[in-house]
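Colleague: Have a look at this one before I ask anything.
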Amino acid sequence: MTRDSAPRVRGGDGAAAGAGPAGGLRVYGVSAAVEGQGTGRRGDPGAGHGGTVPGSPDVRLRDYVHGYVGFGPTMGLPAVQRVLPEVAVMLVLDFVARPSRLVTAEGGAARMPSLPVIGLHDRPVLVEHGGSPRGVAIGLTPPGAHALFGVAMSELANTYTSLADLLGGRAWCLVEQLSQLSHWQARFALLDRTLAQWLAGTNAPAATVLRAWRRLTESAGQLTIAGLSDELGCSRRYLEMRFGEQVGLPPKTAARILRFKGAARILTAAGGGSLSEIAGRCGYSDQAHLNRDFRALAGCTPTEFLLRRSSG
């Protein structure tokens with residue numbers, strides 16, 4: 001697939017042609033699930049009617065699950081949203097199925113599958129929302145997603161796939177159970193129990209991949225792949241092969257996304273510093289390489305990214 005081609009849609013919902021309006025840039029509403037913002041471990045019991053509620057998974061799931069985010073109709077998503085690359089495989093469980101579409105670069109659109117599983121992406125994607133969502137998003141580590149789904153993660157990279165196609169009827173059963181609960185505390189606890197049960201009969205992620213993924217995330221993508229291979233005692237080719245199987249993107253691309261996300265966080269923080277300073281802090285050789293990654297992964301320059309974030 002070329003970088004300018006449309007994202008792939010897998011699942012039983014089919015595709016629909018149509019024009020997609022241009023939209024502004026905003027970080028995907030569920031990205032708090034993988035940003036370490038789950039400080040409200042079990043959420044606000046009364047927050048189920050709007051906004052977002054982050055939650056952290058049980059510590060026993062840490063190799064498999066980044067976190068949870070409950071969301072309601074006042075989350076404030078724009079009609080068309082630019083979804084940026086994440087370092088997690090995202091599961092979006094909307095309690096009331098609403099039609100949404102992926103907008104292609106050529107102005108066409110493909111229907112979003114119900115209960116989308118969003119594999120790792122190496123490019124931004126435009127999503128046209130079909131209404132105010134209410135549900136929960138789950139951020140899985142790529143090795144955790146591989147264990148849960150039992151498919152090569154390269155098959156899910158740059159795709160939107162129906163969770164029901166991967167897990168069958170139990171996906172819809174989980175959504176129904178979650179929707180019947182009135183407190184986020186209870187919903188997050190149900191997710192812990194269900195994911196632990198589903199993962200119990202699966203193969204554990206490869207130790208080499210887990211160590212590599214931890215080291216990349218701990219370093220915010222600033223380790224060289226050659227250095228990482230040496231540290232793990234394996235060849236670069238072996239690491240790339242296992243990443244294709246259990247992560248979905250090459251280790252160099254995963255590191256690039258992690259550096260970009262680190263730079264985006266610093267850029268939007270108060271007193272983050274100049275672009276050249278941010279580039280140095282995030283492991284870029286110079287500001288030009290920072291600009292290049294923002295254009296590739298956010299679809300704009302760092303300055304445009306900051307202006308659009310500031311304007312909402």
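Residue names in the structure tokens use chain letters A, B, ... in the order shown, residue numbers from 1 in each chain, and ligand numbers from 1 in the order shown.
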Taking the DSSP assignment computed from this structure's backbone, write out as a PyMOL selection string all residues of region 122-161 of chain A that belong to strand (DSSP E or B).

Modeller: chain A and resi 125-128+135-140+159-161

Colleague: Residues of region 79-157 of chain A within 12 Å of region 228-252 of chain A: nearest atom pair and distance (Å, one decimal) for each, counting only C-alpha atoms, sorted by chain and number, as JSON lines?

Modeller:
{"residue": "A:Pro85", "atom": "CA", "partner": "A:Leu249", "partner_atom": "CA", "distance": 11.5}
{"residue": "A:Glu86", "atom": "CA", "partner": "A:Leu249", "partner_atom": "CA", "distance": 11.6}
{"residue": "A:Val87", "atom": "CA", "partner": "A:Val247", "partner_atom": "CA", "distance": 9.7}
{"residue": "A:Ala88", "atom": "CA", "partner": "A:Val247", "partner_atom": "CA", "distance": 9.3}
{"residue": "A:Val89", "atom": "CA", "partner": "A:Val247", "partner_atom": "CA", "distance": 9.1}
{"residue": "A:Ile118", "atom": "CA", "partner": "A:Gly248", "partner_atom": "CA", "distance": 11.5}
{"residue": "A:Gly119", "atom": "CA", "partner": "A:Gly248", "partner_atom": "CA", "distance": 7.8}
{"residue": "A:Leu120", "atom": "CA", "partner": "A:Gly248", "partner_atom": "CA", "distance": 6.7}
{"residue": "A:His121", "atom": "CA", "partner": "A:Leu249", "partner_atom": "CA", "distance": 8.1}
{"residue": "A:Asp122", "atom": "CA", "partner": "A:Leu249", "partner_atom": "CA", "distance": 8.0}
{"residue": "A:Arg123", "atom": "CA", "partner": "A:Leu249", "partner_atom": "CA", "distance": 11.7}
{"residue": "A:Leu140", "atom": "CA", "partner": "A:Val247", "partner_atom": "CA", "distance": 10.8}
{"residue": "A:Thr141", "atom": "CA", "partner": "A:Val247", "partner_atom": "CA", "distance": 8.3}
{"residue": "A:Pro142", "atom": "CA", "partner": "A:Val247", "partner_atom": "CA", "distance": 4.7}
{"residue": "A:Pro143", "atom": "CA", "partner": "A:Gln246", "partner_atom": "CA", "distance": 5.1}
{"residue": "A:Gly144", "atom": "CA", "partner": "A:Gln246", "partner_atom": "CA", "distance": 8.3}
{"residue": "A:Ala145", "atom": "CA", "partner": "A:Gln246", "partner_atom": "CA", "distance": 8.0}
{"residue": "A:His146", "atom": "CA", "partner": "A:Gln246", "partner_atom": "CA", "distance": 5.4}
{"residue": "A:Ala147", "atom": "CA", "partner": "A:Gln246", "partner_atom": "CA", "distance": 8.1}
{"residue": "A:Leu148", "atom": "CA", "partner": "A:Gln246", "partner_atom": "CA", "distance": 10.8}
{"residue": "A:Phe149", "atom": "CA", "partner": "A:Gln246", "partner_atom": "CA", "distance": 10.5}
{"residue": "A:Gly150", "atom": "CA", "partner": "A:Gln246", "partner_atom": "CA", "distance": 9.3}
{"residue": "A:Val151", "atom": "CA", "partner": "A:Glu245", "partner_atom": "CA", "distance": 7.9}
{"residue": "A:Ala152", "atom": "CA", "partner": "A:Glu245", "partner_atom": "CA", "distance": 4.6}
{"residue": "A:Met153", "atom": "CA", "partner": "A:Gly248", "partner_atom": "CA", "distance": 4.2}
{"residue": "A:Ser154", "atom": "CA", "partner": "A:Gly248", "partner_atom": "CA", "distance": 3.9}
{"residue": "A:Glu155", "atom": "CA", "partner": "A:Gly248", "partner_atom": "CA", "distance": 7.2}
{"residue": "A:Leu156", "atom": "CA", "partner": "A:Gly248", "partner_atom": "CA", "distance": 6.9}
{"residue": "A:Ala157", "atom": "CA", "partner": "A:Gly248", "partner_atom": "CA", "distance": 5.4}

Colleague: Excluding region 167-170 of chain A and any residue of its chain fewer than 3 positions from it, enumerate the residues within 12 Å of it, using only C-alpha atoms, and give them as a list in words.

Modeller: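 Contacts, in chain order: Gly11, Gly12, Leu91, Leu115, Pro116, Val117, Ala145, Leu148, Phe149, Gly150, Val151, Thr161, Ser162, Leu163, Ala164, Cys173, Leu174, Val175, Glu176, Gln177, Thr194, Leu195, Gln197, Trp198 and Leu199 of chain A.
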
Colleague: Taking only C-alpha atoms into account, which of A:Leu307, A:Ala110, A:Leu126, A:Ala97 comes nearest Gln81 (chain A)?

Modeller: A:Leu126

Colleague: Find the residues near Tyr68 (chain A): any atom within 6 Å, counting only C-alpha atoms, skip ones fewer than 3 places away on the same chain, and give them as a PDB file with C-alpha atoms, in the first residue's frame.

Modeller:
ATOM      1  CA  ALA A  33      -6.269   5.408  26.770  1.00  0.00           C
ATOM      2  CA  PRO A  54      -9.952   7.332  31.734  1.00  0.00           C
ATOM      3  CA  GLY A  55      -9.280   4.088  33.548  1.00  0.00           C
ATOM      4  CA  ALA A 137     -12.364   2.467  24.007  1.00  0.00           C
ATOM      5  CA  ILE A 138      -9.689  -0.063  24.880  1.00  0.00           C
TER       6      ILE A 138
END

Colleague: I'd like the interatomic distance between CA of Val125 (chain A) and CA of Leu93 (chain A), to a tenth of an Å.

Modeller: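 Atom-to-atom, CA of Val125 (chain A) and CA of Leu93 (chain A) are spaced 18.9 Å apart.
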
Colleague: Pick out the closest residue to Gly280 (chain A) from this set: A:Gly262, A:Gly70, A:Ile257, A:Thr224. Count only C-alpha atoms.

Modeller: A:Gly262

Colleague: Of the candidates A:Ala171, A:Val103, A:Leu61, A:Ala212, which one gets nearest to Arg82 (chain A) if we count only C-alpha atoms?

Modeller: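 Among A:Ala171, A:Val103, A:Leu61, A:Ala212, it is A:Val103 that comes nearest to Arg82 (chain A).
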
Colleague: Could you give me, as a list in words, the residues within 12 Å of Gln180 (chain A), counting only C-alpha atoms and dropping anything in the same chain fewer than 5 positions from it?

Modeller: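 Near Gln180 (chain A), the qualifying residues are Gly48, Phe95, Val96, Gly135, Cys173, Leu174, Val175, Ala186, Arg187 and Leu190 of chain A.
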
Colleague: Can you spit out the residues from that selection as a PDB file, in the first residue's frame, using N, CA and C atoms?

Modeller:
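What landed in result.pdb:
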ATOM      1  N   GLY A  48     -21.019   8.851  33.227  1.00  0.00           N
ATOM      2  CA  GLY A  48     -21.410   8.060  32.080  1.00  0.00           C
ATOM      3  C   GLY A  48     -22.291   8.775  31.084  1.00  0.00           C
ATOM      4  N   PHE A  95     -21.866   1.917  22.329  1.00  0.00           N
ATOM      5  CA  PHE A  95     -23.052   1.223  22.828  1.00  0.00           C
ATOM      6  C   PHE A  95     -24.239   1.345  21.867  1.00  0.00           C
ATOM      7  N   VAL A  96     -24.254   2.392  21.057  1.00  0.00           N
ATOM      8  CA  VAL A  96     -25.311   2.577  20.057  1.00  0.00           C
ATOM      9  C   VAL A  96     -24.619   2.725  18.710  1.00  0.00           C
ATOM     10  N   GLY A 135     -19.737   5.071  24.687  1.00  0.00           N
ATOM     11  CA  GLY A 135     -19.203   3.732  24.833  1.00  0.00           C
ATOM     12  C   GLY A 135     -17.868   3.755  25.528  1.00  0.00           C
ATOM     13  N   CYS A 173     -21.776  -9.530  22.836  1.00  0.00           N
ATOM     14  CA  CYS A 173     -22.204  -9.815  24.215  1.00  0.00           C
ATOM     15  C   CYS A 173     -21.539  -8.858  25.198  1.00  0.00           C
ATOM     16  N   LEU A 174     -20.245  -8.589  24.996  1.00  0.00           N
ATOM     17  CA  LEU A 174     -19.530  -7.675  25.876  1.00  0.00           C
ATOM     18  C   LEU A 174     -20.114  -6.270  25.784  1.00  0.00           C
ATOM     19  N   VAL A 175     -20.409  -5.804  24.574  1.00  0.00           N
ATOM     20  CA  VAL A 175     -20.985  -4.472  24.412  1.00  0.00           C
ATOM     21  C   VAL A 175     -22.321  -4.377  25.128  1.00  0.00           C
ATOM     22  N   ALA A 186     -17.861  -0.044  37.377  1.00  0.00           N
ATOM     23  CA  ALA A 186     -18.310  -1.402  37.075  1.00  0.00           C
ATOM     24  C   ALA A 186     -17.909  -1.807  35.660  1.00  0.00           C
ATOM     25  N   ARG A 187     -17.960  -0.878  34.731  1.00  0.00           N
ATOM     26  CA  ARG A 187     -17.586  -1.197  33.348  1.00  0.00           C
ATOM     27  C   ARG A 187     -16.107  -1.547  33.239  1.00  0.00           C
ATOM     28  N   LEU A 190     -15.527  -4.944  34.642  1.00  0.00           N
ATOM     29  CA  LEU A 190     -15.984  -5.982  33.712  1.00  0.00           C
ATOM     30  C   LEU A 190     -14.962  -6.187  32.597  1.00  0.00           C
TER      31      LEU A 190
END

Colleague: Just the number, please: distance in Å from CA of Met112 (chain A) to CA of Tyr160 (chain A), one decimal.

Modeller: 7.1 Å
